[in-house]
>>> print(open('query.txt').read())   # compact mmCIF, C-alpha atoms
# COMPACT_ATOMS: atom_id res chain seq x y z
CA MET Z 264 -10.07 -15.59 5.45
CA ALA Z 265 -7.96 -13.65 2.97
CA SER Z 266 -9.72 -12.19 -0.04
CA ALA Z 267 -9.94 -14.26 -3.20
CA LEU Z 268 -7.71 -13.68 -6.20
CA PRO Z 269 -9.35 -11.82 -9.09
CA LEU Z 270 -10.68 -13.53 -12.17
CA GLY Z 271 -8.49 -13.43 -15.26
CA ASP Z 272 -6.84 -15.46 -17.96
CA PRO Z 273 -4.43 -18.27 -17.03
CA ALA Z 274 -0.85 -17.04 -16.71
CA PRO Z 275 1.78 -18.89 -18.79
CA ALA Z 276 4.12 -21.18 -16.87
CA ASP Z 277 7.16 -19.47 -18.43
CA GLY Z 278 6.00 -16.06 -17.21
CA LEU Z 279 6.57 -14.39 -20.57
CA LEU Z 280 4.80 -11.07 -21.09
CA PRO Z 281 3.09 -9.88 -24.28
CA VAL Z 282 4.97 -7.53 -26.59
CA SER Z 283 2.79 -4.61 -25.45
CA ALA Z 284 4.36 -4.70 -21.97
CA ALA Z 285 7.64 -3.37 -23.34
CA VAL Z 286 6.14 -0.28 -24.98
CA GLY Z 287 7.28 2.87 -23.19
CA ALA Z 288 8.93 0.91 -20.38
CA ARG Z 289 11.99 3.17 -20.23
CA ASP Z 290 9.74 6.10 -19.38
CA ARG Z 291 8.21 4.38 -16.35
CA ALA Z 292 9.72 3.90 -12.92
CA PHE Z 293 10.22 0.32 -11.72
CA GLY Z 294 9.50 -0.83 -8.19
CA VAL Z 295 9.64 -4.18 -6.42
CA TYR Z 296 7.12 -5.31 -3.81
CA LEU Z 297 7.92 -8.30 -1.58
CA HIS Z 298 4.97 -9.84 0.22
CA VAL Z 299 5.75 -11.59 3.50
CA PRO Z 300 2.49 -13.36 4.35
CA PHE Z 301 3.07 -14.25 8.01
CA CYS Z 302 1.31 -12.89 11.09
CA ARG Z 303 1.34 -13.94 14.75
CA VAL Z 304 -2.37 -13.11 15.04
CA ARG Z 305 -4.93 -12.39 12.33
CA CYS Z 306 -6.46 -8.98 12.97
CA GLY Z 307 -10.26 -9.07 12.85
CA TYR Z 308 -10.56 -6.40 10.16
CA CYS Z 309 -7.86 -7.74 7.82
CA ASP Z 310 -8.56 -9.56 4.54
CA PHE Z 311 -4.96 -9.43 3.26
CA ASN Z 312 -3.31 -12.63 2.09
CA THR Z 313 -1.74 -13.52 5.45
CA TYR Z 314 -1.35 -16.70 7.48
CA THR Z 315 -0.76 -17.59 11.09
CA SER Z 316 1.43 -20.57 11.97
CA ASP Z 317 -1.50 -23.04 12.07
CA GLU Z 318 -2.64 -22.06 8.55
CA LEU Z 319 0.58 -22.78 6.64
CA ARG Z 320 -0.21 -26.40 5.67
CA GLY Z 321 3.36 -27.53 5.10
CA ALA Z 322 4.92 -24.19 4.16
CA ARG Z 323 7.66 -23.03 6.52
CA GLN Z 324 8.65 -19.51 7.44
CA VAL Z 325 12.27 -20.59 7.65
CA ASP Z 326 12.25 -21.44 3.91
CA TYR Z 327 10.49 -18.32 2.76
CA ALA Z 328 13.47 -16.07 2.00
CA ASP Z 329 14.97 -18.72 -0.29
CA HIS Z 330 11.71 -19.08 -2.22
CA ALA Z 331 11.37 -15.31 -2.60
CA ILE Z 332 14.97 -15.02 -3.80
CA ALA Z 333 14.29 -17.73 -6.38
CA GLU Z 334 11.34 -15.74 -7.71
CA ILE Z 335 13.40 -12.54 -7.80
CA ARG Z 336 15.98 -14.28 -9.99
CA MET Z 337 13.23 -15.77 -12.14
CA SER Z 338 11.59 -12.37 -12.59
CA ARG Z 339 14.72 -10.84 -14.09
CA GLN Z 340 14.96 -13.74 -16.54
CA MET Z 341 11.28 -13.35 -17.49
CA LEU Z 342 11.66 -9.64 -18.20
CA GLU Z 343 14.72 -10.25 -20.34
CA ALA Z 344 13.03 -13.06 -22.26
CA SER Z 345 10.02 -10.78 -22.82
CA ALA Z 346 12.29 -8.02 -24.20
CA VAL Z 347 11.13 -5.60 -21.51
CA PRO Z 348 14.01 -3.14 -20.93
CA ALA Z 349 15.82 -3.73 -17.66
CA ARG Z 350 15.64 -0.82 -15.24
CA PRO Z 351 17.10 -0.41 -11.78
CA ALA Z 352 14.58 -0.43 -8.96
CA SER Z 353 13.69 3.05 -7.74
CA THR Z 354 11.76 1.66 -4.77
CA VAL Z 355 11.50 -1.61 -2.85
CA PHE Z 356 8.71 -2.28 -0.36
CA PHE Z 357 8.36 -5.23 2.04
CA GLY Z 358 4.73 -5.60 3.09
CA GLY Z 359 2.47 -8.23 4.53
CA GLY Z 360 1.61 -9.65 6.87
CA THR Z 361 4.41 -8.69 9.16
CA PRO Z 362 7.72 -8.77 7.27
CA THR Z 363 9.69 -8.35 10.48
CA LEU Z 364 8.49 -11.72 11.76
CA LEU Z 365 11.31 -12.98 9.55
CA PRO Z 366 14.85 -12.51 10.86
CA ALA Z 367 16.39 -9.22 9.78
CA ASP Z 368 19.11 -11.20 8.02
CA ASP Z 369 16.47 -12.87 5.80
CA LEU Z 370 15.02 -9.50 4.81
CA VAL Z 371 18.49 -8.21 4.02
CA ARG Z 372 19.20 -11.31 1.89
CA MET Z 373 16.00 -10.76 -0.07
CA LEU Z 374 16.89 -7.12 -0.60
CA GLY Z 375 20.35 -8.17 -1.72
CA ALA Z 376 18.82 -10.39 -4.39
CA VAL Z 377 16.82 -7.43 -5.74
CA ARG Z 378 20.03 -5.40 -5.84
CA ASP Z 379 21.93 -8.20 -7.59
CA GLU Z 380 19.28 -8.79 -10.25
CA PHE Z 381 18.05 -5.27 -10.97
CA GLY Z 382 20.36 -2.79 -9.29
CA PHE Z 383 19.11 0.31 -7.50
CA GLU Z 384 18.63 3.83 -8.72
CA PRO Z 385 20.71 6.37 -6.76
CA GLY Z 386 18.84 7.22 -3.57
CA ALA Z 387 16.43 4.28 -3.93
CA GLU Z 388 13.71 4.13 -1.27
CA VAL Z 389 13.63 0.80 0.61
CA THR Z 390 10.80 0.31 3.11
CA THR Z 391 9.62 -2.44 5.40
CA GLU Z 392 6.39 -2.55 7.32
CA ALA Z 393 6.68 -3.59 10.97
CA ASN Z 394 4.51 -3.97 14.02
CA PRO Z 395 5.74 -2.09 17.10
CA ASP Z 396 6.16 -5.41 18.92
CA SER Z 397 7.94 -7.23 16.07
CA VAL Z 398 11.30 -5.43 16.13
CA GLY Z 399 14.00 -4.49 18.59
CA PRO Z 400 16.83 -1.97 18.26
CA GLU Z 401 19.28 -4.56 16.96
CA ASP Z 402 16.85 -5.58 14.18
CA LEU Z 403 16.49 -1.99 13.01
CA VAL Z 404 20.25 -1.45 13.00
CA ARG Z 405 20.71 -4.60 10.90
CA LEU Z 406 18.05 -3.47 8.43
CA ALA Z 407 19.65 -0.05 8.06
CA GLU Z 408 23.09 -1.60 7.61
CA GLY Z 409 21.61 -3.93 4.97
CA GLY Z 410 20.24 -1.11 2.81
CA PHE Z 411 16.78 -0.30 4.19
CA THR Z 412 16.04 3.42 4.36
CA ARG Z 413 12.56 3.53 5.86
CA VAL Z 414 10.25 1.68 8.25
CA SER Z 415 6.47 1.95 8.42
CA PHE Z 416 5.04 1.02 11.82
CA GLY Z 417 1.46 -0.23 12.12
CA MET Z 418 0.53 1.92 15.13
CA GLN Z 419 -3.22 2.08 14.25
CA SER Z 420 -4.20 3.71 17.58
CA ALA Z 421 -2.80 4.96 20.87
CA VAL Z 422 -5.87 3.79 22.81
CA PRO Z 423 -5.83 0.29 24.32
CA HIS Z 424 -9.54 -0.50 23.87
CA VAL Z 425 -9.37 0.52 20.21
CA LEU Z 426 -6.33 -1.70 19.64
CA ALA Z 427 -8.18 -4.55 21.35
CA ALA Z 428 -11.17 -4.10 19.03
CA LEU Z 429 -8.77 -4.36 16.08
CA ASP Z 430 -7.03 -7.44 17.57
CA ARG Z 431 -3.72 -5.58 17.58
CA THR Z 432 -1.19 -7.09 19.97
CA HIS Z 433 1.17 -4.24 20.84
CA ASP Z 434 1.11 -1.93 23.86
CA PRO Z 435 0.84 1.77 22.88
CA VAL Z 436 3.82 2.61 25.07
CA ARG Z 437 5.94 0.60 22.64
CA VAL Z 438 5.49 3.12 19.81
CA PRO Z 439 7.79 5.89 21.13
CA LEU Z 440 10.46 3.25 21.75
CA VAL Z 441 10.46 1.84 18.24
CA VAL Z 442 10.37 5.31 16.71
CA ARG Z 443 13.48 6.26 18.70
CA TRP Z 444 15.24 3.00 17.83
CA ALA Z 445 14.51 3.51 14.14
CA ARG Z 446 15.77 7.09 14.29
CA ASP Z 447 18.92 5.97 16.09
CA ALA Z 448 19.50 3.41 13.33
CA GLY Z 449 19.22 6.13 10.68
CA LEU Z 450 15.85 5.06 9.25
CA ASP Z 451 13.02 7.34 8.17
CA VAL Z 452 9.78 6.62 10.03
CA SER Z 453 6.16 6.38 8.95
CA LEU Z 454 3.28 5.76 11.36
CA ASP Z 455 0.03 4.18 10.14
CA LEU Z 456 -3.34 4.89 11.77
CA ILE Z 457 -6.86 3.49 11.33
CA TYR Z 458 -9.97 5.46 12.25
CA GLY Z 459 -13.62 4.48 12.57
CA THR Z 460 -13.10 1.38 14.71
CA PRO Z 461 -16.34 0.30 16.46
CA GLY Z 462 -16.33 1.89 19.90
CA GLU Z 463 -13.77 4.56 18.98
CA SER Z 464 -14.90 8.06 19.99
CA ILE Z 465 -13.72 11.34 18.51
CA ASP Z 466 -11.75 11.90 21.74
CA ASP Z 467 -10.09 8.49 21.34
CA TRP Z 468 -9.10 9.46 17.82
CA ARG Z 469 -7.79 12.86 18.95
CA ARG Z 470 -5.61 11.09 21.51
CA SER Z 471 -4.10 8.88 18.79
CA VAL Z 472 -3.47 11.79 16.44
CA GLU Z 473 -1.84 13.83 19.20
CA ALA Z 474 0.38 10.87 20.07
CA VAL Z 475 1.54 10.73 16.44
CA VAL Z 476 2.30 14.46 16.30
CA VAL Z 477 4.42 14.17 19.45
CA GLU Z 478 6.60 11.55 17.75
CA ARG Z 479 7.23 13.74 14.67
CA PRO Z 480 7.42 10.91 12.11
CA ASP Z 481 8.47 11.74 8.58
CA HIS Z 482 5.25 10.35 7.17
CA VAL Z 483 1.72 9.54 8.40
CA SER Z 484 -0.98 7.37 6.85
CA ALA Z 485 -4.54 7.48 8.19
CA TYR Z 486 -7.08 5.09 6.70
CA ALA Z 487 -10.79 4.76 7.40
CA LEU Z 488 -11.68 1.28 8.60
CA ILE Z 489 -13.28 -0.77 5.84
CA VAL Z 490 -15.44 -3.73 6.81
CA GLU Z 491 -14.40 -6.49 4.40
CA ASP Z 492 -16.67 -9.46 3.69
CA GLY Z 493 -15.48 -12.70 5.26
CA THR Z 494 -13.53 -11.08 8.12
CA LYS Z 495 -14.09 -11.58 11.82
CA LEU Z 496 -15.11 -7.92 12.09
CA ALA Z 497 -17.79 -8.32 9.42
CA ARG Z 498 -19.22 -11.32 11.27
CA GLN Z 499 -19.24 -9.41 14.57
CA ILE Z 500 -21.11 -6.50 12.98
CA ARG Z 501 -23.57 -8.83 11.25
CA ARG Z 502 -24.34 -10.51 14.59
CA GLY Z 503 -24.86 -7.11 16.25
CA GLU Z 504 -21.86 -7.51 18.57
CA LEU Z 505 -20.21 -4.38 17.16
CA ALA Z 506 -21.62 -1.28 15.48
CA GLN Z 507 -21.11 -0.53 11.80
CA PRO Z 508 -18.61 2.34 11.31
CA ASP Z 509 -20.41 5.67 11.07
CA ASP Z 510 -19.71 7.66 7.88
CA ASP Z 511 -20.34 11.05 9.48
CA LEU Z 512 -18.06 10.26 12.41
CA GLU Z 513 -15.36 9.05 10.03
CA ALA Z 514 -15.62 12.35 8.10
CA ASP Z 515 -15.16 14.26 11.37
CA MET Z 516 -12.15 12.08 12.17
CA TYR Z 517 -10.61 12.77 8.78
CA GLU Z 518 -10.99 16.51 9.25
CA LEU Z 519 -9.45 16.24 12.72
CA VAL Z 520 -6.34 14.43 11.52
CA ASP Z 521 -5.95 16.73 8.53
CA ASP Z 522 -6.22 19.83 10.74
CA ALA Z 523 -3.77 18.45 13.29
CA LEU Z 524 -1.18 17.34 10.77
CA THR Z 525 -1.44 20.55 8.76
CA ALA Z 526 -0.95 22.59 11.94
CA ALA Z 527 2.10 20.45 12.73
CA GLY Z 528 3.67 21.23 9.34
CA TYR Z 529 2.67 18.14 7.34
CA GLU Z 530 1.22 18.29 3.82
CA TRP Z 531 -1.28 15.88 2.36
CA TYR Z 532 -0.06 14.35 -0.90
CA GLU Z 533 -2.62 11.57 -1.28
CA VAL Z 534 -6.09 11.36 0.21
CA SER Z 535 -4.93 9.22 3.15
CA ASN Z 536 -1.26 10.22 3.37
CA TRP Z 537 0.73 13.15 4.72
CA ALA Z 538 4.48 13.86 4.71
CA SER Z 539 6.71 16.30 6.56
CA ASP Z 540 8.05 17.44 3.18
CA ALA Z 541 8.12 16.26 -0.42
CA ARG Z 542 11.25 14.16 0.17
CA HIS Z 543 9.40 11.95 2.63
CA ARG Z 544 6.41 11.05 0.48
CA SER Z 545 6.17 7.30 -0.12
CA ARG Z 546 7.71 7.07 -3.58
CA HIS Z 547 6.76 3.40 -3.80
CA ASN Z 548 3.07 4.10 -3.31
CA LEU Z 549 3.26 7.07 -5.67
CA GLY Z 550 4.45 4.57 -8.27
CA TYR Z 551 1.17 2.69 -7.88
CA TRP Z 552 -0.93 5.85 -8.13
CA ARG Z 553 0.99 7.08 -11.19
CA GLY Z 554 0.65 3.76 -13.02
CA ASP Z 555 4.34 2.88 -13.06
CA ASP Z 556 5.68 -0.69 -13.28
CA TRP Z 557 6.24 -3.00 -10.34
CA TRP Z 558 7.01 -6.66 -9.82
CA GLY Z 559 5.32 -8.37 -6.88
CA ILE Z 560 7.20 -11.18 -5.16
CA GLY Z 561 5.52 -13.74 -2.92
CA PRO Z 562 2.21 -15.58 -2.40
CA GLY Z 563 -0.75 -13.68 -3.82
CA ALA Z 564 1.48 -10.76 -4.84
CA HIS Z 565 0.27 -8.65 -7.78
CA SER Z 566 2.48 -7.17 -10.50
CA HIS Z 567 1.99 -4.61 -13.25
CA VAL Z 568 4.15 -3.92 -16.29
CA GLY Z 569 2.93 -1.81 -19.17
CA GLY Z 570 -0.78 -2.46 -18.74
CA VAL Z 571 -0.33 -6.18 -18.04
CA ARG Z 572 -1.36 -7.21 -14.53
CA TRP Z 573 -0.85 -10.63 -12.97
CA TRP Z 574 -1.00 -12.34 -9.59
CA ASN Z 575 0.75 -15.24 -7.89
CA ALA Z 576 -0.57 -18.42 -6.31
CA LYS Z 577 -2.22 -17.41 -3.08
CA HIS Z 578 -1.19 -19.96 -0.46
CA PRO Z 579 2.47 -20.08 0.65
CA SER Z 580 2.57 -23.83 0.05
CA ALA Z 581 1.26 -23.59 -3.54
CA TYR Z 582 3.62 -20.69 -4.17
CA ALA Z 583 6.62 -22.63 -2.84
CA ASP Z 584 5.75 -25.67 -4.98
CA ARG Z 585 5.72 -23.61 -8.17
CA VAL Z 586 8.92 -21.73 -7.43
CA THR Z 587 10.71 -24.95 -6.42
CA ALA Z 588 9.61 -26.53 -9.71
CA GLY Z 589 11.13 -23.61 -11.61
CA VAL Z 590 7.87 -22.35 -13.10
CA SER Z 591 6.32 -18.94 -12.73
CA PRO Z 592 4.26 -18.62 -9.53
CA ALA Z 593 1.75 -16.46 -11.45
CA VAL Z 594 -1.65 -18.14 -11.83
CA GLY Z 595 -3.70 -15.46 -13.55
CA ARG Z 596 -3.31 -12.25 -15.50
CA GLU Z 597 -5.12 -9.63 -17.54
CA THR Z 598 -4.10 -7.16 -20.21
CA LEU Z 599 -5.94 -3.92 -19.59
CA ASP Z 600 -7.71 -2.38 -22.57
CA ALA Z 601 -7.55 1.35 -23.27
CA PRO Z 602 -10.88 2.30 -21.60
CA THR Z 603 -9.98 0.38 -18.43
CA ARG Z 604 -6.53 1.97 -18.27
CA GLU Z 605 -8.13 5.41 -18.61
CA ILE Z 606 -10.58 4.70 -15.79
CA GLU Z 607 -7.73 3.61 -13.52
CA ARG Z 608 -5.60 6.60 -14.53
CA VAL Z 609 -8.34 9.07 -13.58
CA LEU Z 610 -9.20 7.14 -10.40
CA LEU Z 611 -5.62 7.07 -9.13
CA LEU Z 612 -4.25 10.44 -10.26
CA THR Z 613 -7.28 12.25 -8.85
CA ARG Z 614 -6.34 11.00 -5.37
CA ILE Z 615 -2.88 12.59 -5.29
CA ARG Z 616 -2.01 16.22 -4.68
CA GLU Z 617 -0.30 16.71 -8.04
CA GLY Z 618 -3.66 15.83 -9.60
CA ILE Z 619 -4.52 15.15 -13.20
CA ALA Z 620 -4.03 17.48 -16.17
CA VAL Z 621 -7.34 18.81 -17.48
CA THR Z 622 -6.12 18.51 -21.07
CA SER Z 623 -5.38 14.79 -20.56
CA MET Z 624 -9.04 13.97 -19.89
CA HIS Z 625 -11.78 13.19 -22.37
CA ALA Z 626 -14.23 15.97 -23.29
CA GLY Z 627 -16.86 14.89 -20.78
CA GLY Z 628 -14.35 14.95 -17.95
CA ARG Z 629 -13.14 18.41 -18.92
CA HIS Z 630 -16.72 19.68 -18.98
CA ALA Z 631 -17.34 18.25 -15.49
CA VAL Z 632 -14.58 20.34 -13.90
CA ALA Z 633 -16.59 23.58 -13.72
CA GLY Z 634 -19.38 21.89 -11.77
CA LEU Z 635 -16.89 20.25 -9.42
CA ILE Z 636 -15.36 23.67 -8.71
CA ALA Z 637 -18.80 25.13 -8.05
CA ASP Z 638 -19.52 22.32 -5.59
CA GLY Z 639 -16.27 22.97 -3.73
CA LEU Z 640 -14.77 19.59 -4.63
CA VAL Z 641 -11.94 20.76 -6.91
CA ASP Z 642 -9.47 23.57 -6.24
CA ALA Z 643 -10.38 26.49 -8.51
CA LYS Z 644 -6.91 28.05 -8.66
CA ALA Z 645 -5.28 24.74 -9.59
CA ALA Z 646 -7.95 24.06 -12.21
CA LEU Z 647 -7.34 27.45 -13.83
CA SER Z 648 -3.69 26.47 -14.13
CA GLY Z 649 -4.76 23.25 -15.84
CA VAL Z 650 -4.76 20.63 -13.06
CA VAL Z 651 -7.65 18.93 -11.24
CA THR Z 652 -6.70 18.84 -7.54
CA LEU Z 653 -9.10 17.94 -4.75
CA THR Z 654 -10.13 20.31 -1.99
CA ARG Z 655 -10.53 18.76 1.45
CA ARG Z 656 -14.24 18.37 0.80
CA GLY Z 657 -13.25 16.72 -2.46
CA ARG Z 658 -10.97 14.32 -0.63
CA LEU Z 659 -13.87 13.26 1.56
CA LEU Z 660 -15.94 12.64 -1.59
CA ALA Z 661 -13.14 11.46 -3.89
CA ASP Z 662 -15.12 8.53 -5.30
CA ALA Z 663 -17.97 10.86 -6.27
CA VAL Z 664 -15.51 13.22 -7.98
CA VAL Z 665 -14.08 10.37 -10.04
CA ARG Z 666 -17.55 9.21 -11.06
CA ARG Z 667 -18.38 12.69 -12.33
CA LEU Z 668 -15.10 12.95 -14.23
CA LEU Z 669 -15.86 9.63 -15.91
CA ASP Z 670 -19.65 9.54 -16.19
CA ASP Z 671 -19.79 12.33 -18.73
CA SER Z 672 -18.11 10.08 -21.26
CA SER Z 673 -20.49 7.63 -22.95
CA GLU Z 674 -17.52 5.47 -23.90
CA LEU Z 675 -16.30 5.12 -20.32
CA SER Z 676 -19.43 5.44 -18.20
CA SER Z 677 -20.72 2.06 -19.31
CA ARG Z 678 -17.66 0.47 -17.71
CA THR Z 679 -17.90 2.14 -14.28
>>> encode(input="query.txt", output="structure tokens")
Amino acid sequence: MASALPLGDPAPADGLLPVSAAVGARDRAFGVYLHVPFCRVRCGYCDFNTYTSDELRGARQVDYADHAIAEIRMSRQMLEASAVPARPASTVFFGGGTPTLLPADDLVRMLGAVRDEFGFEPGAEVTTEANPDSVGPEDLVRLAEGGFTRVSFGMQSAVPHVLAALDRTHDPVRVPLVVRWARDAGLDVSLDLIYGTPGESIDDWRRSVEAVVVERPDHVSAYALIVEDGTKLARQIRRGELAQPDDDLEADMYELVDDALTAAGYEWYEVSNWASDARHRSRHNLGYWRGDDWWGIGPGAHSHVGGVRWWNAKHPSAYADRVTAGVSPAVGRETLDAPTREIERVLLLTRIREGIAVTSMHAGGRHAVAGLIADGLVDAKAALSGVVTLTRRGRLLADAVVRRLLDDSSELSSRT
């Protein structure tokens, strides 16, 4: 079952934002996220807001693009009515779910609506996620022709028994094919991996990492498996059918992938992300980590503009009903207060390579830096130049670093 929506205040049916959302908007980048909530099979570890065909309860995949386009048009009207300055989209990201379960023409139509309503910045980054078995060469050509610049394939592993444990449906031999097809279509390529799957050995993980390096993608993501409450995986572990992921093994796996990718010429730019060069970093995800603005389209999608965060109706059927009725699909929202925004700023900026300026932190955070350097968690040279940047040991203990940067402030520590 997908995770529940957060608690918050009711969102207004007209979607209007408070005056505070417009403050400083011209200084922030604007991205658009489109959530496509459909999957052929629900992976056992996944708690995203996704639905297989027997869970749609009256919603239809064939209608989805039209509903999303209606929300895109509505979103532009809501921003204008809220006096939030219009900005062209610098990034667009189709996630899910499996966006490429929809016809490529539907994805292109949805992208066209974003272009029509907001426009694109020059060189805008446009990404879709895809499973290796959900696209063919003709699909990738159509996406590239329609304005997509990048595809992120959910590879997860190159080892069949690991894929089976994750309920992934593709054959590993499919990955080199889709990478080549994407390259031939002119698309940049990212490959996503998961490590720490029950039953996955360090040698299994090495095999997956080596398979990625051979393909030379522009970008690599590697995420530790998280056991989410309510998932099939959590139930299997609770019943003793599978082992709980081992923290020490996961740390060894992280060091392995970091060593391998560094040796292959990649640079880490966020704790779980590496790029072949700065041009191929995920600019859309950097927008999240930097606290920029984005509008989320689709069931359960979250948005953020100027410290106001809101989320849409979760089920595709409820979402479609609201959009068809011409009312905002948002069902809840919150306006972040200053202490909460500061916590999130430190939490997110600490994770990225560019780091966080020492002078931008409260006094307690600044005082914590020396101890973090002494413990080998923060890069000393970068700190002397005024920026807190994690060492590799710091990346492995990023949550602990953030706690120390925040806990020295009596104003903020009570909220952590």
>>> residues_around(input="query.txt", residues="Arg372 of chain Z", least_positions_apart="4", cutoff="9 Å", atoms="only C-alpha atoms", output="JSON, numbers by chain")
{"Z": [328, 329, 332, 367, 368, 376, 377, 409]}
>>> residues_around(input="query.txt", residues="Leu406 of chain Z", least_positions_apart="5", cutoff="12 Å", atoms="all atoms listed in the file", output="MDAnalysis selection string")
chainID Z and resid 357 362:363 365:375 389:393 398:401 411:414 444:445 448:451
>>> residues_around(input="query.txt", residues="Trp557 of chain Z", least_positions_apart="6", cutoff="9 Å", atoms="all atoms listed in the file", output="PyMOL selection string")
chain Z and resi 292-296+352+550-551+565-568
>>> atom_distance(input="query.txt", atom1="atom CA of Gly278 of chain Z", atom2="atom CA of Ser591 of chain Z")
5.3 Å
>>> closest_residue(input="query.txt", among="Z:Leu524, Z:Leu505, Z:Ile619, Z:Ala576", to="Ala593 of chain Z", atoms="all atoms listed in the file")
Z:Ala576
>>> closest_residue(input="query.txt", among="Z:Asp670, Z:Asp434, Z:Glu617, Z:Glu388", to="Met418 of chain Z", atoms="only C-alpha atoms")
Z:Asp434
>>> closest_residue(input="query.txt", among="Z:Glu384, Z:Cys309, Z:Phe301, Z:Ser539", to="Ile489 of chain Z", atoms="all atoms listed in the file")
Z:Cys309
>>> residues_near_point(input="query.txt", point="(2.2, -16.4, -12.1)", cutoff="8 Å", atoms="all atoms listed in the file", output="PyMOL selection string")
chain Z and resi 274-276+278+573-576+591-596
>>> closest_residue(input="query.txt", among="Z:Gly561, Z:Gly627, Z:Pro602, Z:Gly618", to="Ala333 of chain Z", atoms="all atoms listed in the file")
Z:Gly561
>>> atom_distance(input="query.txt", atom1="atom CA of Ser545 of chain Z", atom2="atom CA of Phe383 of chain Z")
16.5 Å
>>> closest_residue(input="query.txt", among="Z:Ala601, Z:Val286, Z:Met337, Z:Ile560", to="Tyr582 of chain Z", atoms="only C-alpha atoms")
Z:Ile560
>>> closest_residue(input="query.txt", among="Z:Leu342, Z:Ile335, Z:Leu319, Z:Ala407", to="Leu297 of chain Z", atoms="all atoms listed in the file")
Z:Ile335
>>> atom_distance(input="query.txt", atom1="atom CA of Gly307 of chain Z", atom2="atom CA of His433 of chain Z")
14.8 Å
>>> residues_around(input="query.txt", residues="Pro395 of chain Z", least_positions_apart="6", cutoff="10 Å", atoms="only C-alpha atoms", output="VMD selection string")
chain Z and resid 363 415 to 418 432 to 442
>>> write_last_selection(input="query.txt", atoms="C-alpha atoms", output="CSV table (one decimal), in the coordinates of the input")
chain,number,residue,atom,x,y,z
Z,363,THR,CA,9.7,-8.4,10.5
Z,415,SER,CA,6.5,2.0,8.4
Z,416,PHE,CA,5.0,1.0,11.8
Z,417,GLY,CA,1.5,-0.2,12.1
Z,418,MET,CA,0.5,1.9,15.1
Z,432,THR,CA,-1.2,-7.1,20.0
Z,433,HIS,CA,1.2,-4.2,20.8
Z,434,ASP,CA,1.1,-1.9,23.9
Z,435,PRO,CA,0.8,1.8,22.9
Z,436,VAL,CA,3.8,2.6,25.1
Z,437,ARG,CA,5.9,0.6,22.6
Z,438,VAL,CA,5.5,3.1,19.8
Z,439,PRO,CA,7.8,5.9,21.1
Z,440,LEU,CA,10.5,3.2,21.8
Z,441,VAL,CA,10.5,1.8,18.2
Z,442,VAL,CA,10.4,5.3,16.7
>>> residues_near_point(input="query.txt", point="(-18.7, 2.5, 17.3)", cutoff="7 Å", atoms="all atoms listed in the file", output="list in words")
Thr460, Pro461, Gly462, Glu463, Ala506, Gln507 and Pro508 of chain Z
>>> axis_aligned_box(input="query.txt", around="segment 658-669 of chain Z", padding_each_side="5 Å", output="lines of an AutoDock Vina configuration file")
center_x = -14.7
center_y = 11.4
center_z = -7.2
size_x = 17.4
size_y = 15.8
size_z = 27.5
>>> residues_around(input="query.txt", residues="Val477 of chain Z", least_positions_apart="4", cutoff="10 Å", atoms="only C-alpha atoms", output="JSON, numbers by chain")
{"Z": [439, 472, 473, 527]}
